[in-house]
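Data from query-v8.txt: compact mmCIF, C-alpha atoms
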```
# COMPACT_ATOMS: atom_id res chain seq x y z
CA MET A 1 -60.92 -109.53 9.04
CA ILE A 2 -61.84 -106.09 10.29
CA PRO A 3 -64.67 -106.03 12.77
CA ALA A 4 -67.67 -104.02 11.69
CA MET A 5 -68.43 -100.82 13.58
CA PRO A 6 -71.78 -100.70 15.30
CA ALA A 7 -74.34 -98.51 13.51
CA SER A 8 -74.80 -96.27 16.54
CA ALA A 9 -71.07 -95.37 16.68
CA ALA A 10 -71.00 -94.47 12.97
CA SER A 11 -74.05 -92.23 13.24
CA SER A 12 -72.58 -90.60 16.37
CA ARG A 13 -69.43 -89.67 14.42
CA GLN A 14 -71.51 -88.26 11.57
CA VAL A 15 -73.51 -86.12 13.97
CA SER A 16 -70.38 -84.77 15.68
CA TYR A 17 -68.83 -84.05 12.25
CA ARG A 18 -71.93 -82.10 11.19
CA VAL A 19 -71.91 -80.14 14.42
CA SER A 20 -68.22 -79.30 13.94
CA VAL A 21 -68.79 -78.11 10.38
CA ALA A 22 -71.76 -75.99 11.49
CA ALA A 23 -69.72 -74.44 14.31
CA LEU A 24 -66.86 -73.60 11.92
CA ARG A 25 -69.25 -72.04 9.43
CA PHE A 26 -70.88 -69.96 12.14
CA GLY A 27 -67.45 -68.89 13.44
CA ARG A 28 -66.33 -67.82 9.98
CA PHE A 29 -69.59 -65.98 9.39
CA ALA A 30 -69.34 -64.20 12.75
CA ALA A 31 -65.67 -63.27 12.28
CA MET A 32 -66.18 -61.92 8.76
CA GLY A 33 -69.30 -60.06 9.88
CA VAL A 34 -67.33 -58.37 12.65
CA VAL A 35 -64.53 -57.44 10.22
CA ALA A 36 -67.02 -55.93 7.75
CA VAL A 37 -68.78 -53.95 10.48
CA VAL A 38 -65.47 -52.66 11.89
CA ILE A 39 -64.39 -51.50 8.41
CA LEU A 40 -67.68 -49.66 7.88
CA ILE A 41 -67.57 -48.06 11.34
CA ALA A 42 -64.00 -46.89 10.68
CA GLY A 43 -65.14 -45.33 7.40
CA VAL A 44 -68.00 -43.47 9.08
CA TRP A 45 -65.68 -42.40 11.91
CA ALA A 46 -63.12 -41.00 9.46
CA SER A 47 -65.83 -39.25 7.44
CA TRP A 48 -67.52 -37.78 10.50
CA ARG A 49 -64.38 -35.70 11.21
CA THR A 50 -65.66 -33.07 8.75
CA ALA A 51 -69.16 -34.21 7.76
CA PRO A 52 -71.12 -32.57 10.61
CA TYR A 53 -69.69 -29.15 9.79
CA VAL A 54 -70.63 -29.49 6.13
CA MET A 55 -74.00 -31.20 6.50
CA LEU A 56 -75.35 -29.48 9.63
CA THR A 57 -74.67 -25.84 8.73
CA LYS A 58 -77.53 -24.22 10.63
CA GLY A 59 -76.04 -21.76 13.13
CA ARG A 60 -72.52 -22.13 11.76
CA GLU A 61 -70.41 -19.42 10.17
CA ARG A 62 -70.57 -19.75 6.38
CA GLY A 63 -68.67 -17.79 3.81
CA THR A 64 -66.02 -17.96 1.12
CA ILE A 65 -62.26 -18.23 1.16
CA GLU A 66 -60.00 -16.81 -1.49
CA VAL A 67 -56.89 -18.98 -1.35
CA ALA A 68 -53.78 -16.79 -1.28
CA ARG A 69 -51.02 -19.16 -0.06
CA CYS A 70 -50.46 -22.90 0.00
CA GLY A 71 -47.96 -24.85 2.06
CA ASP A 72 -47.22 -28.56 2.20
CA ASP A 73 -50.44 -29.62 3.92
CA SER A 74 -52.66 -26.54 4.15
CA CYS A 75 -53.67 -23.40 2.33
CA SER A 76 -54.74 -20.05 3.74
CA GLY A 77 -56.57 -17.00 2.58
CA ARG A 78 -59.06 -14.27 3.34
CA TYR A 79 -62.51 -15.26 4.66
CA THR A 80 -65.55 -13.31 3.50
CA PRO A 81 -68.74 -14.04 5.50
CA ILE A 82 -72.08 -14.91 3.93
CA SER A 83 -74.17 -15.90 6.96
CA GLN A 84 -75.46 -13.54 9.62
CA GLY A 85 -73.32 -13.32 12.73
CA SER A 86 -70.19 -14.33 10.89
CA SER A 87 -67.28 -11.92 10.84
CA GLY A 88 -64.63 -11.51 8.18
CA ARG A 89 -61.13 -12.79 8.84
CA ASP A 90 -57.86 -11.90 7.21
CA ARG A 91 -56.56 -15.44 7.46
CA VAL A 92 -58.27 -18.82 7.71
CA VAL A 93 -56.77 -22.23 6.99
CA ILE A 94 -58.17 -24.97 4.75
CA GLU A 95 -56.73 -28.45 4.29
CA LYS A 96 -54.68 -28.69 1.10
CA THR A 97 -56.15 -31.27 -1.23
CA VAL A 98 -56.12 -31.89 -4.94
CA ALA A 99 -59.21 -29.70 -5.24
CA VAL A 100 -57.80 -26.58 -3.51
CA ARG A 101 -55.77 -24.25 -5.72
CA LYS A 102 -54.12 -20.92 -5.11
CA GLY A 103 -56.15 -18.00 -6.46
CA GLN A 104 -59.50 -19.84 -6.38
CA THR A 105 -62.52 -18.97 -4.23
CA TYR A 106 -64.46 -21.71 -2.39
CA SER A 107 -67.62 -21.85 -0.27
CA VAL A 108 -66.66 -22.88 3.24
CA VAL A 109 -67.92 -23.43 6.79
CA VAL A 110 -65.82 -22.33 9.77
CA LYS A 111 -65.11 -24.99 12.40
CA PRO A 112 -66.31 -23.59 15.73
CA GLY A 113 -63.64 -22.05 17.93
CA SER A 114 -60.93 -22.05 15.28
CA ASP A 115 -59.71 -20.39 12.13
CA GLU A 116 -59.99 -23.67 10.22
CA VAL A 117 -62.55 -24.00 7.43
CA VAL A 118 -63.94 -26.91 5.40
CA ARG A 119 -65.55 -26.85 1.97
CA SER A 120 -69.32 -26.68 1.93
CA GLY A 121 -72.03 -27.43 -0.59
CA PRO A 122 -72.30 -30.63 -2.64
CA ALA A 123 -68.54 -30.82 -3.21
CA GLY A 124 -67.84 -30.51 0.51
CA ILE A 125 -70.45 -33.11 1.47
CA LEU A 126 -69.20 -35.65 -1.07
CA TYR A 127 -65.56 -34.98 -0.17
CA ALA A 128 -66.33 -35.48 3.54
CA TRP A 129 -67.77 -38.93 2.81
CA VAL A 130 -64.84 -40.17 0.66
CA PRO A 131 -63.40 -42.31 3.51
CA PHE A 132 -66.76 -44.04 3.85
CA GLY A 133 -66.76 -44.74 0.09
CA GLY A 134 -63.38 -46.42 0.44
CA ALA A 135 -64.66 -48.41 3.41
CA LEU A 136 -67.63 -49.58 1.32
CA LEU A 137 -65.26 -50.85 -1.35
CA LEU A 138 -63.08 -52.66 1.17
CA ALA A 139 -65.99 -54.14 3.10
CA SER A 140 -67.61 -55.35 -0.14
CA VAL A 141 -64.71 -57.77 -0.62
CA VAL A 142 -65.20 -59.14 2.89
CA VAL A 143 -68.96 -59.43 2.45
CA ALA A 144 -68.74 -61.12 -0.95
CA GLY A 145 -65.77 -63.37 -0.23
CA GLY A 146 -65.85 -64.00 3.50
CA LEU A 147 -69.59 -64.05 4.04
CA GLY A 148 -70.56 -65.45 0.65
CA ARG A 149 -73.08 -62.67 0.08
CA THR A 150 -72.16 -61.81 -3.50
CA ARG A 151 -75.12 -59.56 -4.29
CA ALA A 152 -74.67 -57.53 -1.11
CA GLY A 153 -70.98 -57.24 -1.92
CA TRP A 154 -71.72 -55.94 -5.40
CA VAL A 155 -74.25 -53.43 -4.04
CA MET A 156 -71.70 -52.16 -1.50
CA ALA A 157 -68.95 -51.95 -4.12
CA GLY A 158 -71.25 -50.12 -6.53
CA SER A 159 -72.27 -47.66 -3.83
CA GLY A 160 -68.63 -47.00 -2.97
CA VAL A 161 -67.70 -46.45 -6.62
CA VAL A 162 -70.66 -44.09 -7.14
CA LEU A 163 -69.74 -42.08 -4.04
CA LEU A 164 -66.05 -41.83 -4.96
CA THR A 165 -66.83 -40.96 -8.58
CA ALA A 166 -69.35 -38.29 -7.59
CA ALA A 167 -66.82 -36.77 -5.18
CA PHE A 168 -64.13 -36.80 -7.88
CA VAL A 169 -66.43 -35.14 -10.43
CA THR A 170 -67.77 -32.41 -8.11
CA VAL A 171 -64.50 -31.56 -6.40
```

Final structure tokens representation of the file:
Amino acid sequence: MIPAMPASAASSRQVSYRVSVAALRFGRFAAMGVVAVVILIAGVWASWRTAPYVMLTKGRERGTIEVARCGDDSCSGRYTPISQGSSGRDRVVIEKTVAVRKGQTYSVVVKPGSDEVVRSGPAGILYAWVPFGGALLLASVVVAGGLGRTRAGWVMAGSGVVLLTAAFVTV
């Protein structure tokens, strides 16, 4: 015959089991929250490489570039100023992307202290935030799956898709 366990020992084990489960849930929630936040911060960090030049144009040199040559990773061409205080340049460099083609003219902003330019206007703003759109898509999986916040995950994924689609259409 197996001796019966006292009632106080059984309830003590149940309490410790509940505490363990709660601690594991909190640990998972905290870890997935940190992963989601790190992904979003990385997306903003990558986007902020060009976003301030495109979004905060007051006092910056603005103009157009007529793309004359393209290499493996950049294109160059003549810069024609639009804003006051900006001077024309025979050669400025723009990053070669799918949206930059030889012979085309684009609105640009000059990065201070360099001959490098970035696209401006709606296309430039949306293109600058493409890394953040990708981060939203990636973080949505973590939020929905790891945190169990399905609606928030869908909202993040939808926002990322809208941002990426808008950038694709305008660029």

*Looking at A:Leu136, A:Val34, A:Val142, A:Val92, which one is nearest to Gly160 of chain A, with distances taken over only C-alpha atoms?*
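Closest to Gly160 of chain A of all the choices is A:Leu136.
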
*asked:* Which residue is closest to Ile41 of chain A? Choose from A:Leu126, A:Ala135, A:Ala157, A:Ala68 and count all atoms listed in the file.
replied: A:Ala135

*Rank nothing, just name the residue among A:Gly158, A:Pro122, A:Gly133, A:Gly59 nearest to Ser86 of chain A, using only C-alpha atoms.*
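Of all the options, A:Gly59 lies closest to Ser86 of chain A.
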
*Looking at A:Ala99, A:Val162, A:Val143, A:Ala152, which one is nearest to Gly33 of chain A, with distances taken over all atoms listed in the file?*
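Under the stated criterion, the closest residue is A:Val143.
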
*Which one of A:Thr97, A:Thr50, A:Ser16, A:Gln84 sits closest to Asp72 of chain A if you count only C-alpha atoms?*
A:Thr97

*Please check which residues have atoms at most 6 Å from (-57.1, -20.7, 5.3) in the file's coordinates, counting only C-alpha atoms, and write them as JSON, numbers by chain.*
{"A": [75, 76, 77, 91, 92, 93, 94]}

*Nearest to Val35 of chain A by atom-to-atom distance, counting only C-alpha atoms, from A:Thr150, A:Ser140, A:Thr170, A:Ser87*: A:Ser140

Can you tell me, as an mmCIF file with C-alpha atoms, keeping the file's coordinate frame, what residues are no more than 12 Å from Arg49 of chain A when counting only C-alpha atoms, ignoring any on the same chain fewer than 6 positions away?
```
data_model
loop_
_atom_site.group_PDB
_atom_site.id
_atom_site.type_symbol
_atom_site.label_atom_id
_atom_site.label_comp_id
_atom_site.auth_asym_id
_atom_site.auth_seq_id
_atom_site.Cartn_x
_atom_site.Cartn_y
_atom_site.Cartn_z
ATOM 1 C CA ALA A 42 -64.000 -46.890 10.680
ATOM 2 C CA GLY A 43 -65.140 -45.330 7.400
ATOM 3 C CA MET A 55 -74.000 -31.200 6.500
ATOM 4 C CA LYS A 111 -65.110 -24.990 12.400
ATOM 5 C CA VAL A 118 -63.940 -26.910 5.400
ATOM 6 C CA ILE A 125 -70.450 -33.110 1.470
ATOM 7 C CA TYR A 127 -65.560 -34.980 -0.170
ATOM 8 C CA ALA A 128 -66.330 -35.480 3.540
ATOM 9 C CA TRP A 129 -67.770 -38.930 2.810
ATOM 10 C CA VAL A 130 -64.840 -40.170 0.660
ATOM 11 C CA PRO A 131 -63.400 -42.310 3.510
ATOM 12 C CA PHE A 132 -66.760 -44.040 3.850
#
```

_Nearby residues (all atoms listed in the file) at most 8 Å from Glu66 of chain A, same-chain spacing under 5 positions excluded, as a ChimeraX atom specification_ = /A:77-79,103-106
